[in-house]
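As stored in work-v7.cif (mmCIF, C-alpha atoms):
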data_input
loop_
_atom_site.label_atom_id
_atom_site.label_comp_id
_atom_site.auth_asym_id
_atom_site.auth_seq_id
_atom_site.Cartn_x
_atom_site.Cartn_y
_atom_site.Cartn_z
CA MET A 1 0.00 0.00 0.00
CA LYS A 2 1.46 3.34 -1.07
CA LEU A 3 -0.27 6.44 0.25
CA ARG A 4 -0.24 9.93 -1.17
CA THR A 5 1.46 11.92 1.58
CA ILE A 6 2.10 15.60 2.29
CA GLU A 7 5.87 15.26 2.07
CA GLY A 8 7.27 17.05 -0.96
CA LEU A 9 4.17 19.20 -1.57
CA ASP A 10 4.40 22.95 -2.14
CA LEU A 11 2.10 24.13 0.64
CA ARG A 12 2.97 27.82 1.03
CA GLY A 13 -0.17 29.92 0.92
CA LYS A 14 -2.38 26.86 0.38
CA TYR A 15 -5.61 26.52 2.34
CA VAL A 16 -5.57 23.06 3.94
CA LEU A 17 -8.51 21.24 5.50
CA LEU A 18 -6.92 18.88 8.05
CA ARG A 19 -8.94 16.04 9.56
CA ASP A 20 -7.67 15.22 13.04
CA ASP A 21 -9.18 13.09 15.79
CA PHE A 22 -9.58 15.20 18.91
CA ASN A 23 -12.18 12.90 20.47
CA VAL A 24 -10.44 13.14 23.84
CA GLN A 25 -11.48 12.80 27.47
CA ILE A 26 -12.85 16.07 28.90
CA LEU A 27 -13.97 16.50 32.51
CA ASP A 28 -15.43 19.77 33.81
CA GLY A 29 -14.26 21.54 30.65
CA LYS A 30 -10.66 20.35 31.01
CA ILE A 31 -8.84 17.76 28.93
CA THR A 32 -7.77 14.84 31.11
CA GLU A 33 -5.98 12.76 28.46
CA ALA A 34 -4.44 14.41 25.38
CA PHE A 35 -2.69 11.49 23.66
CA ARG A 36 -4.41 11.97 20.31
CA ILE A 37 -3.81 15.72 20.34
CA GLU A 38 -0.10 15.26 21.03
CA ARG A 39 0.23 12.61 18.32
CA SER A 40 -1.40 15.01 15.84
CA GLN A 41 1.08 17.79 16.54
CA PRO A 42 3.88 16.76 14.12
CA THR A 43 1.58 17.06 11.09
CA ILE A 44 0.22 20.39 12.32
CA ASN A 45 3.77 21.69 12.80
CA PHE A 46 4.80 20.37 9.38
CA LEU A 47 1.95 22.21 7.66
CA ARG A 48 2.51 25.38 9.68
CA ASP A 49 6.25 25.41 8.94
CA ALA A 50 5.55 24.85 5.25
CA GLY A 51 3.44 28.03 5.17
CA ALA A 52 0.04 26.39 4.81
CA ARG A 53 -3.13 28.00 6.13
CA VAL A 54 -4.71 25.23 8.15
CA ALA A 55 -8.24 24.62 9.40
CA ILE A 56 -8.53 21.53 11.60
CA CYS A 57 -11.74 19.54 11.38
CA SER A 58 -12.65 17.05 14.11
CA HIS A 59 -15.48 15.55 16.09
CA LEU A 60 -16.02 15.07 19.81
CA GLY A 61 -18.42 12.54 21.26
CA ARG A 62 -21.84 11.78 19.83
CA PRO A 63 -23.93 14.97 19.61
CA LYS A 64 -26.33 13.16 17.22
CA GLY A 65 -26.34 15.87 14.59
CA GLU A 66 -27.34 18.65 16.98
CA ARG A 67 -25.45 21.68 18.23
CA ASP A 68 -24.97 20.35 21.75
CA MET A 69 -22.29 22.53 23.38
CA LYS A 70 -21.47 19.74 25.81
CA TYR A 71 -19.52 18.40 22.83
CA SER A 72 -17.90 21.67 21.81
CA LEU A 73 -14.25 21.58 20.76
CA ARG A 74 -13.58 24.80 22.69
CA PRO A 75 -11.63 23.00 25.44
CA VAL A 76 -9.40 21.51 22.74
CA ALA A 77 -8.86 24.90 21.12
CA GLU A 78 -7.98 26.39 24.50
CA TYR A 79 -5.62 23.51 25.28
CA MET A 80 -3.85 24.05 21.94
CA ASN A 81 -4.03 27.84 22.19
CA LEU A 82 -5.75 28.07 18.80
CA PRO A 83 -8.77 30.09 17.60
CA LEU A 84 -12.07 28.21 17.42
CA ILE A 85 -14.35 28.84 14.43
CA ASP A 86 -17.89 28.51 15.76
CA ASP A 87 -19.25 26.57 12.75
CA CYS A 88 -17.37 24.09 10.59
CA LEU A 89 -19.14 25.46 7.50
CA ASN A 90 -18.28 29.09 8.27
CA LYS A 91 -15.62 30.24 5.77
CA ASP A 92 -15.44 33.94 6.64
CA PHE A 93 -12.17 33.42 8.53
CA LEU A 94 -10.31 32.27 5.41
CA ALA A 95 -9.91 35.81 4.10
CA ASN A 96 -8.01 36.82 7.23
CA MET A 97 -5.59 33.89 7.37
CA HIS A 98 -1.84 34.24 6.78
CA ASP A 99 0.79 31.66 5.95
CA GLY A 100 1.34 29.38 8.95
CA ASP A 101 -1.97 30.20 10.64
CA VAL A 102 -3.94 27.34 12.24
CA VAL A 103 -7.54 27.33 13.47
CA ILE A 104 -9.92 24.67 14.75
CA LEU A 105 -13.41 24.25 13.31
CA GLU A 106 -16.29 23.47 15.66
CA ASN A 107 -17.46 19.85 16.00
CA VAL A 108 -18.28 18.48 12.55
CA ARG A 109 -20.81 16.08 14.09
CA PHE A 110 -23.04 19.01 15.00
CA TYR A 111 -24.35 18.23 11.49
CA SER A 112 -26.08 14.87 10.94
CA GLU A 113 -24.90 15.03 7.34
CA GLU A 114 -21.35 14.30 8.52
CA GLU A 115 -21.99 10.69 9.52
CA ASP A 116 -24.32 10.24 6.54
CA ASN A 117 -21.46 11.23 4.21
CA ASN A 118 -23.86 13.63 2.53
CA PRO A 119 -22.22 14.89 -0.71
CA ASP A 120 -23.69 18.40 -0.44
CA PHE A 121 -22.36 18.72 3.10
CA ALA A 122 -18.97 17.36 2.01
CA ARG A 123 -18.84 19.92 -0.81
CA ALA A 124 -19.71 22.73 1.59
CA LEU A 125 -17.06 21.55 4.04
CA ALA A 126 -14.42 21.39 1.30
CA ASN A 127 -15.37 24.77 -0.21
CA GLY A 128 -12.59 27.37 0.02
CA PHE A 129 -9.75 24.91 0.56
CA ASP A 130 -7.00 23.87 -1.84
CA LEU A 131 -6.37 20.39 -0.47
CA PHE A 132 -7.39 17.90 2.19
CA VAL A 133 -5.14 16.05 4.64
CA ASN A 134 -6.41 13.10 6.68
CA ASP A 135 -4.40 12.51 9.86
CA ALA A 136 -7.22 10.83 11.80
CA PHE A 137 -6.44 7.11 11.63
CA ALA A 138 -8.85 6.42 14.50
CA VAL A 139 -11.89 7.42 12.40
CA SER A 140 -10.64 6.26 9.00
CA HIS A 141 -12.76 3.12 9.23
CA ARG A 142 -15.80 5.40 8.93
CA ALA A 143 -17.07 6.60 5.55
CA HIS A 144 -18.03 10.06 6.77
CA ALA A 145 -18.09 13.38 4.95
CA SER A 146 -14.90 14.58 6.67
CA THR A 147 -12.96 11.36 5.97
CA VAL A 148 -14.24 10.27 2.57
CA GLY A 149 -16.76 12.74 1.13
CA VAL A 150 -14.39 15.72 0.90
CA THR A 151 -11.92 13.68 -1.17
CA GLU A 152 -14.36 13.96 -4.08
CA PHE A 153 -13.77 17.72 -4.14
CA LEU A 154 -10.16 18.23 -3.05
CA PRO A 155 -6.75 16.70 -3.81
CA SER A 156 -6.27 14.47 -0.76
CA TYR A 157 -3.25 13.24 1.18
CA ALA A 158 -2.27 11.31 4.30
CA GLY A 159 -0.76 13.19 7.23
CA LEU A 160 2.37 12.08 9.06
CA LEU A 161 0.46 10.33 11.85
CA LEU A 162 -1.82 8.37 9.55
CA ALA A 163 1.13 7.28 7.40
CA SER A 164 3.02 6.23 10.55
CA GLU A 165 0.05 4.17 11.78
CA ILE A 166 -0.17 2.28 8.50
CA GLU A 167 3.57 1.70 8.33
CA ASN A 168 3.92 0.42 11.89
CA ILE A 169 0.88 -1.85 11.94
CA THR A 170 1.67 -3.22 8.47
CA ARG A 171 5.24 -4.03 9.52
CA VAL A 172 4.01 -6.10 12.46
CA MET A 173 1.33 -7.87 10.47
CA ALA A 174 3.59 -8.62 7.50
CA GLY A 175 6.63 -10.04 9.26
CA PRO A 176 6.52 -10.21 13.05
CA LYS A 177 9.27 -11.82 15.06
CA HIS A 178 8.05 -15.03 16.69
CA PRO A 179 6.80 -16.08 19.17
CA VAL A 180 3.87 -13.69 18.63
CA LEU A 181 1.43 -13.13 21.51
CA SER A 182 -1.88 -11.32 20.95
CA ILE A 183 -3.96 -10.14 23.90
CA VAL A 184 -7.54 -9.22 23.05
CA ALA A 185 -10.09 -8.04 25.57
CA GLY A 186 -13.13 -5.80 25.64
CA SER A 187 -16.80 -6.58 25.91
CA LYS A 188 -18.03 -8.54 22.89
CA VAL A 189 -17.09 -11.66 20.98
CA SER A 190 -19.64 -10.72 18.32
CA THR A 191 -17.64 -7.66 17.22
CA LYS A 192 -14.25 -9.38 17.28
CA ILE A 193 -14.76 -12.65 15.41
CA GLY A 194 -12.89 -11.43 12.34
CA VAL A 195 -9.97 -9.91 14.21
CA LEU A 196 -9.63 -12.98 16.45
CA ARG A 197 -9.38 -15.21 13.40
CA ALA A 198 -6.80 -12.88 11.83
CA LEU A 199 -4.73 -12.82 15.02
CA ILE A 200 -4.94 -16.61 15.39
CA ARG A 201 -3.40 -16.95 11.91
CA LEU A 202 -0.64 -14.52 12.86
CA SER A 203 0.06 -15.56 16.46
CA ASP A 204 1.58 -18.43 18.36
CA THR A 205 -0.61 -17.61 21.38
CA VAL A 206 -3.82 -15.62 21.80
CA ILE A 207 -5.08 -14.53 25.23
CA VAL A 208 -8.66 -13.33 25.65
CA GLY A 209 -9.79 -11.31 28.65
CA GLY A 210 -12.40 -8.92 29.95
CA ALA A 211 -16.06 -9.62 29.26
CA LEU A 212 -14.99 -11.12 25.95
CA GLY A 213 -12.95 -13.68 27.88
CA THR A 214 -15.88 -14.31 30.21
CA THR A 215 -17.97 -15.40 27.22
CA PHE A 216 -15.32 -18.00 26.38
CA ASN A 217 -15.37 -19.19 30.00
CA PHE A 218 -19.15 -19.55 29.74
CA ALA A 219 -18.83 -21.44 26.45
CA MET A 220 -16.53 -23.91 28.25
CA GLY A 221 -19.20 -24.55 30.86
CA GLU A 222 -17.69 -22.47 33.66
CA PRO A 223 -19.81 -20.29 35.99
CA VAL A 224 -19.70 -16.55 35.28
CA GLY A 225 -22.14 -15.21 37.87
CA ASN A 226 -24.22 -12.09 37.28
CA SER A 227 -21.66 -10.68 34.85
CA LEU A 228 -21.39 -9.11 31.42
CA TYR A 229 -21.05 -11.78 28.72
CA GLU A 230 -22.78 -12.93 25.52
CA PRO A 231 -24.70 -16.18 26.03
CA ASP A 232 -25.76 -16.18 22.37
CA GLN A 233 -22.11 -16.31 21.24
CA VAL A 234 -21.30 -19.77 22.60
CA GLU A 235 -21.23 -21.37 19.16
CA ASN A 236 -18.95 -18.65 17.78
CA ALA A 237 -16.66 -18.89 20.80
CA LEU A 238 -16.29 -22.64 20.42
CA GLU A 239 -15.69 -22.24 16.70
CA ILE A 240 -12.92 -19.71 17.35
CA MET A 241 -11.22 -22.07 19.80
CA LYS A 242 -11.47 -24.86 17.22
CA TYR A 243 -9.99 -22.52 14.61
CA ALA A 244 -7.06 -21.83 16.95
CA ARG A 245 -6.37 -25.57 17.35
CA GLU A 246 -6.47 -26.01 13.57
CA ASN A 247 -3.91 -23.22 13.19
CA ASN A 248 -1.59 -24.49 15.96
CA CYS A 249 -2.27 -21.39 18.04
CA ARG A 250 -2.54 -21.72 21.82
CA PHE A 251 -5.77 -20.06 22.95
CA LEU A 252 -5.87 -19.00 26.60
CA VAL A 253 -8.92 -17.93 28.60
CA PRO A 254 -9.13 -16.37 32.09
CA LEU A 255 -8.20 -18.62 35.03
CA ASP A 256 -9.70 -16.44 37.76
CA LYS A 257 -11.50 -13.15 38.16
CA GLY A 258 -11.85 -10.23 40.53
CA VAL A 259 -15.51 -10.10 41.54
CA GLY A 260 -17.75 -7.84 43.56
CA PRO A 261 -21.36 -7.90 44.79
CA VAL A 262 -22.33 -5.10 42.39
CA PHE A 263 -20.86 -3.47 39.28
CA GLU A 264 -19.57 -0.32 40.97
CA ALA A 265 -16.18 1.33 41.36
CA ASP A 266 -16.26 1.18 45.16
CA ALA A 267 -17.49 -2.42 45.36
CA PRO A 268 -15.36 -4.65 47.65
CA ARG A 269 -13.15 -7.04 45.68
CA THR A 270 -12.74 -10.79 46.09
CA ASP A 271 -10.54 -12.91 43.80
CA LYS A 272 -12.00 -16.26 42.79
CA ASP A 273 -11.07 -19.13 40.52
CA MET A 274 -13.58 -19.49 37.69
CA ALA A 275 -15.01 -22.69 39.21
CA ASP A 276 -15.78 -20.86 42.48
CA ILE A 277 -17.77 -17.95 41.05
CA LEU A 278 -21.28 -17.79 42.54
CA PRO A 279 -24.52 -16.77 40.79
CA ASP A 280 -24.57 -13.32 42.46
CA ASP A 281 -20.89 -12.51 41.79
CA VAL A 282 -20.19 -9.70 39.33
CA ILE A 283 -16.94 -10.02 37.40
CA ILE A 284 -15.12 -6.66 37.16
CA ASP A 285 -11.44 -7.52 36.59
CA GLY A 286 -9.01 -10.28 35.76
CA GLY A 287 -7.64 -12.22 38.72
CA PRO A 288 -4.07 -12.58 40.08
CA LYS A 289 -3.55 -16.10 38.69
CA THR A 290 -4.54 -14.90 35.24
CA ALA A 291 -2.28 -11.86 35.58
CA ALA A 292 0.67 -14.06 36.55
CA ARG A 293 -0.02 -16.41 33.63
CA ASP A 294 -0.28 -13.44 31.23
CA ALA A 295 2.99 -11.94 32.48
CA ASP A 296 4.68 -15.31 31.97
CA GLU A 297 3.38 -15.47 28.39
CA ILE A 298 4.60 -11.92 27.74
CA GLY A 299 8.01 -13.00 29.05
CA ARG A 300 8.18 -15.74 26.40
CA ALA A 301 7.08 -13.55 23.47
CA ALA A 302 9.14 -11.64 20.93
CA THR A 303 6.16 -9.64 19.63
CA VAL A 304 3.05 -8.59 21.56
CA ILE A 305 -0.13 -7.06 20.14
CA TRP A 306 -2.59 -5.78 22.77
CA ASN A 307 -6.06 -4.32 22.44
CA GLY A 308 -8.57 -3.99 25.27
CA THR A 309 -8.31 -3.78 29.03
CA VAL A 310 -9.18 -6.95 30.97
CA GLY A 311 -11.24 -5.11 33.58
CA MET A 312 -12.44 -1.67 34.61
CA ALA A 313 -8.92 -0.22 34.60
CA GLU A 314 -10.28 3.29 35.14
CA TRP A 315 -11.64 2.19 38.54
CA GLN A 316 -8.29 2.43 40.26
CA PRO A 317 -6.81 0.89 42.27
CA THR A 318 -9.30 -1.86 43.09
CA TRP A 319 -10.25 -2.93 39.57
CA SER A 320 -7.16 -1.95 37.55
CA TYR A 321 -5.00 -4.84 38.77
CA GLY A 322 -5.27 -7.14 35.74
CA SER A 323 -4.81 -4.47 33.08
CA PHE A 324 -1.98 -2.72 34.92
CA ALA A 325 -0.17 -6.05 35.32
CA ILE A 326 -0.27 -6.59 31.55
CA ALA A 327 0.83 -3.02 30.82
CA ARG A 328 3.78 -3.20 33.20
CA ALA A 329 4.92 -6.62 31.98
CA ILE A 330 4.88 -5.48 28.34
CA ALA A 331 6.64 -2.23 29.20
CA GLU A 332 9.37 -3.91 31.26
CA LYS A 333 10.35 -6.36 28.52
CA THR A 334 10.07 -3.73 25.77
CA ARG A 335 12.24 -1.36 27.80
CA ALA A 336 14.84 -4.11 28.09
CA GLY A 337 14.96 -4.39 24.28
CA LYS A 338 13.56 -7.94 24.29
CA LEU A 339 10.08 -7.27 22.92
CA HIS A 340 8.40 -5.47 20.02
CA SER A 341 5.08 -4.23 21.37
CA ILE A 342 2.14 -2.61 19.63
CA VAL A 343 -0.88 -1.40 21.58
CA GLY A 344 -4.14 0.13 20.38
CA GLY A 345 -7.55 1.14 21.72
CA GLY A 346 -8.67 4.16 23.72
CA ASP A 347 -9.12 2.41 27.08
CA THR A 348 -5.89 0.48 26.60
CA VAL A 349 -3.92 3.64 25.82
CA ALA A 350 -5.44 5.35 28.88
CA CYS A 351 -4.27 2.35 30.92
CA LEU A 352 -0.71 2.80 29.63
CA ASP A 353 -0.89 6.47 30.55
CA ALA A 354 -2.23 5.75 34.04
CA CYS A 355 0.62 3.26 34.58
CA GLY A 356 3.20 5.75 33.35
CA VAL A 357 4.55 3.32 30.74
CA MET A 358 3.35 4.96 27.50
CA ASP A 359 6.89 5.77 26.39
CA ASP A 360 8.07 2.20 26.99
CA ILE A 361 5.87 0.67 24.27
CA THR A 362 7.33 0.22 20.78
CA TYR A 363 4.27 1.67 19.07
CA VAL A 364 1.03 3.01 20.52
CA SER A 365 -1.78 3.41 18.01
CA THR A 366 -4.39 6.16 18.21
CA GLY A 367 -6.94 3.77 16.74
CA GLY A 368 -9.39 1.46 18.46
CA GLY A 369 -11.92 0.16 15.95
CA ALA A 370 -9.70 1.25 13.07
CA PHE A 371 -6.74 -0.56 14.64
CA LEU A 372 -8.71 -3.80 14.86
CA GLU A 373 -10.27 -3.52 11.41
CA PHE A 374 -6.89 -2.84 9.81
CA ILE A 375 -5.43 -5.90 11.56
CA GLU A 376 -8.41 -7.90 10.35
CA GLY A 377 -7.55 -6.91 6.79
CA LYS A 378 -10.62 -4.83 6.10
CA ASP A 379 -10.51 -1.88 3.74
CA LEU A 380 -10.70 1.36 5.72
CA PRO A 381 -12.67 3.87 3.60
CA GLY A 382 -10.72 6.90 4.81
CA ILE A 383 -7.46 5.24 3.81
CA SER A 384 -8.57 3.61 0.57
CA VAL A 385 -9.22 7.03 -0.98
CA LEU A 386 -5.60 8.05 -0.26
CA ILE A 387 -3.90 5.10 -1.96
CA GLU A 388 -1.89 5.91 -5.07
CA LYS A 389 -3.42 4.20 -8.08
#
What does the file become when written as structure tokens?
Amino acid sequence: MKLRTIEGLDLRGKYVLLRDDFNVQILDGKITEAFRIERSQPTINFLRDAGARVAICSHLGRPKGERDMKYSLRPVAEYMNLPLIDDCLNKDFLANMHDGDVVILENVRFYSEEEDNNPDFARALANGFDLFVNDAFAVSHRAHASTVGVTEFLPSYAGLLLASEIENITRVMAGPKHPVLSIVAGSKVSTKIGVLRALIRLSDTVIVGGALGTTFNFAMGEPVGNSLYEPDQVENALEIMKYARENNCRFLVPLDKGVGPVFEADAPRTDKDMADILPDDVIIDGGPKTAARDADEIGRAATVIWNGTVGMAEWQPTWSYGSFAIARAIAEKTRAGKLHSIVGGGDTVACLDACGVMDDITYVSTGGGAFLEFIEGKDLPGISVLIEK
């Protein structure tokens, strides 16, 4: 795959519509986790230094096509010390821009036409610009007006971040150093069948955790209490385990779990083997035996791919044990130069940040769904339109 990129372009004086992903965590009007903003900065600096006149387009949350100021990008603009244009279709500001200027457009999802990839909306969004740059890998699996539609009206290129995402994930998928260990967690088997099969073909060992892992435990006849799982996915779970055996891939499920009486952050924790879980127990985290097993598997691996926390890692410290154990084990071996690690997914990245090990991972992807779909081998609409023919 060869992408059209911004490197080598004459950008001085050009009006550039830049699609970034600033869908970040905001609490009481303040940004609490700015990973995606920081990862977007190199492309912004590149365009600014090249003399482009840049308007950044992004979304935040799910305002459902309405101008809900709870989802305003103003906190992002303030964090970046950039002007905010109050409507993404307002073009009055263009006449006052100078080379190197950068502004942020208000939430593009204030218009329902964005997620519908409405061509008239895409044309209006593109109007006034000379070219489009997509640097939002995390939303490139969506065929929206700001990722796909605008490419019908503007010469379109990949930003530095998007190109880096493709390069790094492709390198791992094309020729990883073995043994390869994939750790996949999250909530649903039903949404991860394809990626599990892809990772089984790639990996020597696959570990499943979180509620996804609980479904596999249930499929094996183990008690799961009053917990989140998918009882209708038993057949698919058993088929995936069979597929792993056929591909000589070890497939490991949780050994024990941290449980509470209710699904709440301040619930008291008890660790139980799977066989000892009672009907009223609520699974909230992976258990210590599973964490030790996972750390041992990480110690044997040469390449690790991780997506999805194995519990409510944001409910620290009681329910972050399992996820933090994985993060620290991966970081320690990567830091020692004995492991190539690639991690993706919003909750997983937040876990790395909370552990203070973000910089110890070989590559941290900004993508969640896009990360998984790319691994699965699906065409990502926002990337397909940037491939050189």
Fewer than 5 positions away in the same chain doesn't count, so skip those; otherwise give me all residues within 12 Å of range 166-174 of chain A, counting all atoms listed in the file, as JSON, numbers by chain.
{"A": [1, 2, 3, 5, 135, 136, 137, 138, 140, 158, 159, 160, 161, 180, 181, 182, 198, 199, 200, 201, 202, 203, 302, 303, 304, 305, 340, 341, 342, 343, 344, 362, 363, 364, 365, 366, 367, 370, 371, 372, 373, 374, 375, 376, 377, 380, 383, 384, 386, 387]}
The PyMOL selection byres ((chain A and resi 106) around 6) resolved against shown file, as a compact mmCIF listing (two decimals) with C-alpha atoms, in the frame of the given file:
# COMPACT_ATOMS: atom_id res chain seq x y z
CA LEU A 73 -14.25 21.58 20.76
CA ILE A 85 -14.35 28.84 14.43
CA ASP A 86 -17.89 28.51 15.76
CA ASP A 87 -19.25 26.57 12.75
CA CYS A 88 -17.37 24.09 10.59
CA LEU A 105 -13.41 24.25 13.31
CA ASN A 107 -17.46 19.85 16.00
For Leu9 in chain A, which of A:Phe46, A:Phe121, A:Phe35, A:Trp315 is the closest residue, counting only C-alpha atoms?
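Among the listed residues, the smallest separation from Leu9 in chain A belongs to A:Phe46.
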Hits from the PyMOL selection byres ((chain A and resi 358) around 12), listed as number ranges by chain:
A: 35, 324, 327-328, 330-332, 334-335, 341-344, 348-357, 359-365
Those residues with C-alpha atoms, as an mmCIF file, keeping the file's coordinate frame please?
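Generated output (again.cif):
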data_model
loop_
_atom_site.group_PDB
_atom_site.id
_atom_site.type_symbol
_atom_site.label_atom_id
_atom_site.label_comp_id
_atom_site.auth_asym_id
_atom_site.auth_seq_id
_atom_site.Cartn_x
_atom_site.Cartn_y
_atom_site.Cartn_z
ATOM 1 C CA PHE A 35 -2.690 11.490 23.660
ATOM 2 C CA PHE A 324 -1.980 -2.720 34.920
ATOM 3 C CA ALA A 327 0.830 -3.020 30.820
ATOM 4 C CA ARG A 328 3.780 -3.200 33.200
ATOM 5 C CA ILE A 330 4.880 -5.480 28.340
ATOM 6 C CA ALA A 331 6.640 -2.230 29.200
ATOM 7 C CA GLU A 332 9.370 -3.910 31.260
ATOM 8 C CA THR A 334 10.070 -3.730 25.770
ATOM 9 C CA ARG A 335 12.240 -1.360 27.800
ATOM 10 C CA SER A 341 5.080 -4.230 21.370
ATOM 11 C CA ILE A 342 2.140 -2.610 19.630
ATOM 12 C CA VAL A 343 -0.880 -1.400 21.580
ATOM 13 C CA GLY A 344 -4.140 0.130 20.380
ATOM 14 C CA THR A 348 -5.890 0.480 26.600
ATOM 15 C CA VAL A 349 -3.920 3.640 25.820
ATOM 16 C CA ALA A 350 -5.440 5.350 28.880
ATOM 17 C CA CYS A 351 -4.270 2.350 30.920
ATOM 18 C CA LEU A 352 -0.710 2.800 29.630
ATOM 19 C CA ASP A 353 -0.890 6.470 30.550
ATOM 20 C CA ALA A 354 -2.230 5.750 34.040
ATOM 21 C CA CYS A 355 0.620 3.260 34.580
ATOM 22 C CA GLY A 356 3.200 5.750 33.350
ATOM 23 C CA VAL A 357 4.550 3.320 30.740
ATOM 24 C CA ASP A 359 6.890 5.770 26.390
ATOM 25 C CA ASP A 360 8.070 2.200 26.990
ATOM 26 C CA ILE A 361 5.870 0.670 24.270
ATOM 27 C CA THR A 362 7.330 0.220 20.780
ATOM 28 C CA TYR A 363 4.270 1.670 19.070
ATOM 29 C CA VAL A 364 1.030 3.010 20.520
ATOM 30 C CA SER A 365 -1.780 3.410 18.010
#
Have a look at A:Leu228, A:Gly128, A:Asn118, A:Val139 and name the one nearest to Leu60 in chain A; count all atoms listed in the file.
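Going through A:Leu228, A:Gly128, A:Asn118, A:Val139 one by one, the smallest distance to Leu60 in chain A is for A:Val139.
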Please rebuild range 352-364 of chain A with N, CA and C atoms and return the result as a PDB file, in the coordinates of the input.
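As written to disk, part-v1.pdb reads:
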ATOM      1  N   LEU A 352      -2.155   2.569  29.733  1.00  0.00           N
ATOM      2  CA  LEU A 352      -0.710   2.800  29.630  1.00  0.00           C
ATOM      3  C   LEU A 352      -0.333   4.127  30.283  1.00  0.00           C
ATOM      4  N   ASP A 353      -1.150   5.139  30.004  1.00  0.00           N
ATOM      5  CA  ASP A 353      -0.890   6.470  30.550  1.00  0.00           C
ATOM      6  C   ASP A 353      -0.993   6.465  32.072  1.00  0.00           C
ATOM      7  N   ALA A 354      -2.026   5.803  32.589  1.00  0.00           N
ATOM      8  CA  ALA A 354      -2.230   5.750  34.040  1.00  0.00           C
ATOM      9  C   ALA A 354      -1.088   5.001  34.728  1.00  0.00           C
ATOM     10  N   CYS A 355      -0.506   4.020  34.028  1.00  0.00           N
ATOM     11  CA  CYS A 355       0.620   3.260  34.580  1.00  0.00           C
ATOM     12  C   CYS A 355       1.950   4.000  34.433  1.00  0.00           C
ATOM     13  N   GLY A 356       1.961   5.026  33.594  1.00  0.00           N
ATOM     14  CA  GLY A 356       3.200   5.750  33.350  1.00  0.00           C
ATOM     15  C   GLY A 356       4.174   5.017  32.457  1.00  0.00           C
ATOM     16  N   VAL A 357       3.660   4.127  31.581  1.00  0.00           N
ATOM     17  CA  VAL A 357       4.550   3.320  30.740  1.00  0.00           C
ATOM     18  C   VAL A 357       4.348   3.595  29.248  1.00  0.00           C
ATOM     19  N   MET A 358       3.639   4.661  28.901  1.00  0.00           N
ATOM     20  CA  MET A 358       3.350   4.960  27.500  1.00  0.00           C
ATOM     21  C   MET A 358       4.618   4.987  26.658  1.00  0.00           C
ATOM     22  N   ASP A 359       5.667   5.603  27.165  1.00  0.00           N
ATOM     23  CA  ASP A 359       6.890   5.770  26.390  1.00  0.00           C
ATOM     24  C   ASP A 359       7.713   4.498  26.285  1.00  0.00           C
ATOM     25  N   ASP A 360       7.319   3.454  27.003  1.00  0.00           N
ATOM     26  CA  ASP A 360       8.070   2.200  26.990  1.00  0.00           C
ATOM     27  C   ASP A 360       7.555   1.214  25.951  1.00  0.00           C
ATOM     28  N   ILE A 361       6.460   1.547  25.270  1.00  0.00           N
ATOM     29  CA  ILE A 361       5.870   0.670  24.270  1.00  0.00           C
ATOM     30  C   ILE A 361       6.465   1.003  22.902  1.00  0.00           C
ATOM     31  N   THR A 362       6.735  -0.021  22.098  1.00  0.00           N
ATOM     32  CA  THR A 362       7.330   0.220  20.780  1.00  0.00           C
ATOM     33  C   THR A 362       6.470   1.127  19.937  1.00  0.00           C
ATOM     34  N   TYR A 363       5.177   0.810  19.828  1.00  0.00           N
ATOM     35  CA  TYR A 363       4.270   1.670  19.070  1.00  0.00           C
ATOM     36  C   TYR A 363       2.891   1.647  19.700  1.00  0.00           C
ATOM     37  N   VAL A 364       2.369   2.853  19.964  1.00  0.00           N
ATOM     38  CA  VAL A 364       1.030   3.010  20.520  1.00  0.00           C
ATOM     39  C   VAL A 364       0.147   3.638  19.454  1.00  0.00           C
TER      40      VAL A 364
END
